[in-house]
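Below: the structure, in structure tokens.
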Amino acid sequence: MAFSELLDQVGGLGRFQVLQMVALVVPIVWLTTQGMLENFSAAVPSHRCWVPLLDNSTAQASVPGALGPKDLLTVSIPPGPNHEPHQCRRFRQPQWQLLDPNATATNWSEAATEPCMDGWVYDRSTFTSTIVAKWDLVCDSHALKPMAQSIYLSGILVGAAVCGHISDRFGRRLVLTWNYLQMAMSGTAAAFAPTFSVYCLFRFLAAFGVAGVMMNTSTLLMEWTSARARALAMTLNSLGFSFGQVLMAAVAYGVRDWALLQLVVSAPFFLCFVYSWWLAESARWLLITGRLERGLQELRRVAAINRKRVVEGTLTTEVLLSAMQEELSVGQAPASLGALFCTPGLPLRTGISTLCWFAFGFTFYGLALDLQALDSNIFLLQVLIGVVDIPAKIGSLLLLSRLGRRPTQVGSLVLSGLCILANTLVPYEMGALRSALAVLGLGGLGAAFTCFSIYTGELFPTVLRMTAVGLGQMAARVGAILGPLVRLLAVHGRWLPLLVYGGVPVLSGLAALLLPETQSLPLPDTIQDVQNQAVKKATHNTPGPTVLESTHF
């Protein structure tokens, strides 16, 4: 695996890597706000039907002066299931008899009510505007809100499917630059959407770009960093998501209008698009796909930035051809999804890593996209999710370096699942404890995300790495789409959704025990490299003569 030696010569952890890390991780912080945005922009405010006695100045003029807003509400809006004013129905005519202190529920009938024929009045004390209030996504239209979330997640699913493959064909940096522009334009356009359908279309396109940015960022960091610093680089990338959670709460707390909030989290990607032209293409990918001249240019550029002047002068096409002769002879085979399932040594890795990605998306988004359901301050909960995530991911960095990839992967998934399963035993009235366990479970999933962001890239060769990462991202989005649907099981028991949310990461964590350890190994560049790793491991674990025989190769 000669590229690892070339990278060590030009600098695998130097000035270039620091600058690249900043340039790539800062957009990840902002990108996270896109996924959590609808916790705030699509929050459902308290609402009631529009009624003339309360909302029409002409009708109010005929009301006796002794009657206050509370009395007018009583005669205009029937009580709802929780004895608060009904959110979806109103009286056809004012029910004045209800002002009698002795009046009961029998003093009016369901026939005296009607749906909200003239729209709704929304409580704007928390949010001045949300998409729910703008397009009346309440009552009979309440299912449109989760539909918007599903459309966004579907955009990431499609983006992962497309961007992973085209990045392996056309390059990481080119696709990343396009994705920055797509996110900026689509996100900004969504803020000015005239209809809910147009809004959903632009959110889908923005999500498509989100998938490409996440995958290409992690791959560029991994392919430009030496083996000893790879875990650090990927942990910092993962921490970008944690800081993004905190940033989301801070921005949403300061910007309470959905359109302005949408604009604030989208416009910075125009700047990312501009400076992304400076970013270096993956030299590893360039060389493996036969683009030697450009790969040589990128290596020289990195050597110059890392102040390796001597190395910069000795790098020539002949040196590259000599150093990477074996990789170039087998590395130019076209990447395909089928190779992940048909090539010996890859199907097991593909299946289990995909399952781990699915478990993350399924459980994390099933819980995190419905913060209002926890019946707590959503701004505080959003901050807590990010704050708890930070030590969990830093801890995972230490564990990855000390214990290795496989034990950390297994432990983080199993422990997060157990935290969520513990909630099935906590009484519903103990809201603070339930929220704490949920946040701890999400923190464990954050650590798991850090681990398999590194692990997935190390399990697959350069020619298939983005395809494999794209497949994992697709699995995570399928999980994210299915996860919220599990909440429908609550009609059969409040504990059932938590049982499923906790059980999936536990089972996937146990399945990860079947994966090989990759700690301190150089990144495989070709399918042959992966198979050679498996052969070396098998011969290393075989006693006696086999080890002696293997020394002849």
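Within each chain, counting starts at residue 1; across the structure tokens, chains are named A, B, ... in the order shown, with ligands numbered 1 upward in that order.
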
Find the residues around region 145-158 of chain A up to 8 Å (only C-alpha atoms counted), leave out those fewer than 6 positions away in its own chain, and share them as a ChimeraX atom specification.
-> /A:38,42,132,137,200,203-211,473-475,477-478,480-481

Would you put the residues from that selection into a file with all heavy atoms, as a compact mmCIF listing (two decimals), in the first residue's frame?
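Wrote again_29.txt, looks like this:
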```txt
# COMPACT_ATOMS: atom_id res chain seq x y z
N GLU A 38 -36.24 21.56 11.56
CA GLU A 38 -37.70 21.50 11.68
C GLU A 38 -38.18 21.18 13.09
O GLU A 38 -39.38 21.18 13.34
CB GLU A 38 -38.26 20.51 10.65
CG GLU A 38 -38.16 21.07 9.24
CD GLU A 38 -38.82 20.21 8.19
OE1 GLU A 38 -39.27 19.10 8.52
OE2 GLU A 38 -38.87 20.65 7.02
N ALA A 42 -40.67 23.98 12.23
CA ALA A 42 -41.94 23.27 12.08
C ALA A 42 -42.57 22.94 13.43
O ALA A 42 -43.37 22.01 13.53
CB ALA A 42 -41.74 21.99 11.26
N VAL A 132 -45.83 25.48 10.14
CA VAL A 132 -47.14 24.96 10.57
C VAL A 132 -48.16 26.07 10.57
O VAL A 132 -49.29 25.91 10.08
CB VAL A 132 -47.03 24.32 11.96
CG1 VAL A 132 -48.41 23.95 12.50
CG2 VAL A 132 -46.15 23.08 11.92
N LEU A 137 -50.71 23.57 8.96
CA LEU A 137 -50.47 22.12 8.99
C LEU A 137 -50.96 21.54 10.32
O LEU A 137 -50.21 20.91 11.08
CB LEU A 137 -48.98 21.84 8.81
CG LEU A 137 -48.29 22.52 7.62
CD1 LEU A 137 -46.83 22.11 7.53
CD2 LEU A 137 -49.02 22.18 6.31
N CYS A 200 -41.19 21.85 0.24
CA CYS A 200 -40.73 20.47 0.36
C CYS A 200 -39.75 20.11 -0.76
O CYS A 200 -38.78 19.38 -0.53
CB CYS A 200 -41.92 19.51 0.33
SG CYS A 200 -42.91 19.54 1.85
N ARG A 203 -36.40 21.64 0.11
CA ARG A 203 -35.80 20.92 1.24
C ARG A 203 -35.24 19.58 0.77
O ARG A 203 -34.19 19.13 1.25
CB ARG A 203 -36.85 20.71 2.33
CG ARG A 203 -37.16 21.94 3.15
CD ARG A 203 -36.06 22.25 4.14
NE ARG A 203 -36.06 21.32 5.26
CZ ARG A 203 -35.07 21.21 6.12
NH1 ARG A 203 -33.98 21.93 5.99
NH2 ARG A 203 -35.14 20.34 7.13
N PHE A 204 -35.92 18.94 -0.17
CA PHE A 204 -35.41 17.68 -0.73
C PHE A 204 -34.07 17.91 -1.43
O PHE A 204 -33.11 17.15 -1.24
CB PHE A 204 -36.45 17.13 -1.72
CG PHE A 204 -36.00 15.87 -2.43
CD1 PHE A 204 -36.29 14.62 -1.89
CD2 PHE A 204 -35.31 15.93 -3.63
CE1 PHE A 204 -35.88 13.46 -2.53
CE2 PHE A 204 -34.90 14.78 -4.28
CZ PHE A 204 -35.19 13.53 -3.72
N LEU A 205 -34.00 18.98 -2.23
CA LEU A 205 -32.76 19.28 -2.96
C LEU A 205 -31.63 19.66 -2.00
O LEU A 205 -30.48 19.28 -2.21
CB LEU A 205 -33.01 20.41 -3.96
CG LEU A 205 -33.97 20.07 -5.12
CD1 LEU A 205 -34.24 21.31 -5.96
CD2 LEU A 205 -33.39 18.96 -5.98
N ALA A 206 -31.98 20.39 -0.93
CA ALA A 206 -30.96 20.74 0.06
C ALA A 206 -30.44 19.48 0.76
O ALA A 206 -29.24 19.34 1.00
CB ALA A 206 -31.53 21.71 1.09
N ALA A 207 -31.36 18.56 1.07
CA ALA A 207 -30.96 17.31 1.72
C ALA A 207 -30.06 16.47 0.82
O ALA A 207 -29.14 15.80 1.30
CB ALA A 207 -32.21 16.52 2.12
N PHE A 208 -30.33 16.50 -0.47
CA PHE A 208 -29.47 15.81 -1.44
C PHE A 208 -28.03 16.30 -1.29
O PHE A 208 -27.07 15.52 -1.25
CB PHE A 208 -30.00 16.08 -2.85
CG PHE A 208 -29.31 15.31 -3.94
CD1 PHE A 208 -29.91 14.21 -4.52
CD2 PHE A 208 -28.05 15.69 -4.40
CE1 PHE A 208 -29.28 13.50 -5.54
CE2 PHE A 208 -27.41 15.00 -5.41
CZ PHE A 208 -28.03 13.90 -5.98
N GLY A 209 -27.87 17.61 -1.19
CA GLY A 209 -26.55 18.19 -1.01
C GLY A 209 -25.94 17.84 0.33
O GLY A 209 -24.72 17.63 0.44
N VAL A 210 -26.76 17.79 1.37
CA VAL A 210 -26.28 17.44 2.71
C VAL A 210 -25.58 16.08 2.69
O VAL A 210 -24.50 15.89 3.27
CB VAL A 210 -27.44 17.43 3.72
CG1 VAL A 210 -27.03 16.74 5.03
CG2 VAL A 210 -27.89 18.86 4.02
N ALA A 211 -26.21 15.11 2.03
CA ALA A 211 -25.63 13.76 1.95
C ALA A 211 -24.26 13.79 1.30
O ALA A 211 -23.30 13.17 1.79
CB ALA A 211 -26.56 12.83 1.18
N GLN A 473 -24.81 5.57 4.34
CA GLN A 473 -25.66 6.76 4.51
C GLN A 473 -27.10 6.47 4.06
O GLN A 473 -28.06 6.93 4.68
CB GLN A 473 -25.09 7.92 3.70
CG GLN A 473 -23.82 8.52 4.29
CD GLN A 473 -24.09 9.43 5.46
OE1 GLN A 473 -25.24 9.68 5.82
NE2 GLN A 473 -23.04 9.93 6.09
N MET A 474 -27.24 5.70 3.00
CA MET A 474 -28.58 5.32 2.55
C MET A 474 -29.29 4.52 3.64
O MET A 474 -30.47 4.75 3.94
CB MET A 474 -28.49 4.49 1.27
CG MET A 474 -28.15 5.26 0.02
SD MET A 474 -27.93 4.16 -1.40
CE MET A 474 -29.56 3.42 -1.51
N ALA A 475 -28.57 3.56 4.23
CA ALA A 475 -29.16 2.75 5.30
C ALA A 475 -29.57 3.61 6.48
O ALA A 475 -30.64 3.41 7.08
CB ALA A 475 -28.17 1.68 5.73
N ARG A 477 -30.48 6.70 6.38
CA ARG A 477 -31.68 7.50 6.04
C ARG A 477 -32.92 6.63 5.96
O ARG A 477 -34.01 7.09 6.28
CB ARG A 477 -31.45 8.24 4.72
CG ARG A 477 -30.26 9.15 4.74
CD ARG A 477 -30.15 9.99 6.00
NE ARG A 477 -28.77 10.24 6.36
CZ ARG A 477 -28.37 10.84 7.47
NH1 ARG A 477 -29.25 11.24 8.35
NH2 ARG A 477 -27.08 11.00 7.71
N VAL A 478 -32.77 5.40 5.50
CA VAL A 478 -33.91 4.49 5.56
C VAL A 478 -34.34 4.31 7.01
O VAL A 478 -35.53 4.35 7.35
CB VAL A 478 -33.57 3.12 4.93
CG1 VAL A 478 -34.66 2.11 5.21
CG2 VAL A 478 -33.36 3.26 3.42
N ALA A 480 -33.82 6.48 9.38
CA ALA A 480 -34.38 7.75 9.84
C ALA A 480 -35.83 7.92 9.38
O ALA A 480 -36.65 8.52 10.08
CB ALA A 480 -33.53 8.91 9.33
N ILE A 481 -36.14 7.41 8.19
CA ILE A 481 -37.52 7.50 7.69
C ILE A 481 -38.44 6.55 8.46
O ILE A 481 -39.57 6.89 8.81
CB ILE A 481 -37.56 7.19 6.18
CG1 ILE A 481 -36.83 8.30 5.39
CG2 ILE A 481 -38.99 7.05 5.68
CD1 ILE A 481 -36.59 7.96 3.94
```

Quick one: everything within 9 Å of Trp178 (chain A), counting only C-alpha atoms, minus sequence neighbours fewer than 3 positions away in the same chain. Send it as a list of chain:residue names.
->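 After dropping sequence-adjacent residues, the list is A:Arg173, A:Leu174, A:Val175, A:Leu181, A:Gln182, A:Met183, A:Gly209, A:Gly212, A:Phe273.
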
Those of region 89-322 of chain A in DSSP alpha helix (DSSP H), formatted as a PyMOL selection string = chain A and resi 131-134+144-170+172-191+196-223+230-254+258-266+268-275+283-288+292-305+309-314+317-322

Can you list, as a CSV table (one decimal) with N, CA and C atoms, in the first residue's frame, every protein, DNA or RNA residue that comes within 9 Å of Pro522 (chain A) when you count only C-alpha atoms, leaving out same-chain residues fewer than 3 positions away?
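Generated output (part-v4.csv):
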```csv
chain,number,residue,atom,x,y,z
A,1,MET,N,0.8,-1.2,0.0
A,1,MET,CA,0.0,0.0,0.0
A,1,MET,C,0.9,1.2,0.0
A,4,SER,N,0.4,5.1,1.4
A,4,SER,CA,0.6,5.5,2.8
A,4,SER,C,2.0,6.0,3.0
A,226,SER,N,-2.7,10.6,7.8
A,226,SER,CA,-1.9,9.3,8.1
A,226,SER,C,-2.7,8.4,9.0
A,227,ALA,N,-2.3,7.2,9.1
A,227,ALA,CA,-3.0,6.2,9.9
A,227,ALA,C,-3.1,6.6,11.4
A,458,GLU,N,-12.1,2.5,6.8
A,458,GLU,CA,-11.0,1.6,6.9
A,458,GLU,C,-11.3,0.1,6.4
A,518,THR,N,-9.3,-3.0,12.5
A,518,THR,CA,-8.5,-2.3,11.5
A,518,THR,C,-7.6,-1.2,12.1
A,519,GLN,N,-7.5,-1.2,13.4
A,519,GLN,CA,-6.6,-0.2,14.1
A,519,GLN,C,-5.2,-0.3,13.6
A,525,ASP,N,-6.2,0.3,-0.7
A,525,ASP,CA,-6.5,1.0,-1.9
A,525,ASP,C,-7.2,0.2,-2.9
```

So, counting only C-alpha atoms, which residue among A:Cys116, A:Ile131, A:Leu399, A:Val25 is closest to Trp50 (chain A)?
-> A:Cys116

Excluding region 247-255 of chain A and any residue of its chain fewer than 6 positions from it, enumerate the residues within 7 Å of it, using only C-alpha atoms, and give them as JSON, numbers by chain.
-> {"A": [33, 40, 261, 379, 382, 383]}

Pick out the residues sitting within 9 Å of region 312-320 of chain A, and hand them over as a PyMOL selection string; count only C-alpha atoms, and ignore anything fewer than 4 positions along from it in its own chain.
-> chain A and resi 3+6+10+287+292-293+296+299-304+307-308+324-325

For Phe360 (chain A): contacts at 8 Å, only C-alpha atoms, fewer than 6 positions along chain excluded, given as a PyMOL selection string = chain A and resi 445+448-449+476+479+505

Among region 15-197 of chain A, which residues carry a DSSP assignment of strand (DSSP E or B), reported as a ChimeraX atom specification?
-> /A:47-49,79,85,89-91,113-115,120-122,129

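Comparing the minimum interatomic distances between Ala422 (chain A) and each of A:Ala190, A:Ala231, A:Leu398, A:Leu499, counting only C-alpha atoms, we find that A:Leu499 sits nearest.
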
Looking at A:Gln528, A:Thr219, A:Gln262, A:Asn237, which one is nearest to Ala283 (chain A), with distances taken over only C-alpha atoms?
->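 Nearest candidate to Ala283 (chain A) out of A:Gln528, A:Thr219, A:Gln262, A:Asn237: A:Thr219.
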
Counting only C-alpha atoms, the residue of A:Ile352, A:Leu403, A:Ala490, A:Leu433 that sits nearest Gly509 (chain A) |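 Among A:Ile352, A:Leu403, A:Ala490, A:Leu433, it is A:Ile352 that comes nearest to Gly509 (chain A).
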
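With only C-alpha atoms as the basis for measurement, A:Ser508 is the residue among A:Gln97, A:Asn82, A:Ser508, A:Gln409 that approaches Phe362 (chain A) most closely.
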
Distance criterion (only C-alpha atoms): nearest to Tyr365 (chain A) out of A:Gly446, A:Pro45, A:Gly11, A:Gly164 | A:Gly446

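Note that CA of Phe364 (chain A) and CA of Thr424 (chain A) are 16.9 Å apart.
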
Do you know which residues are at most 9 Å from Phe192 (chain A) counting only C-alpha atoms, after dropping those on the same chain fewer than 6 positions away, and could you put them as an MDAnalysis selection string?
-> chainID A and resid 199 259 263
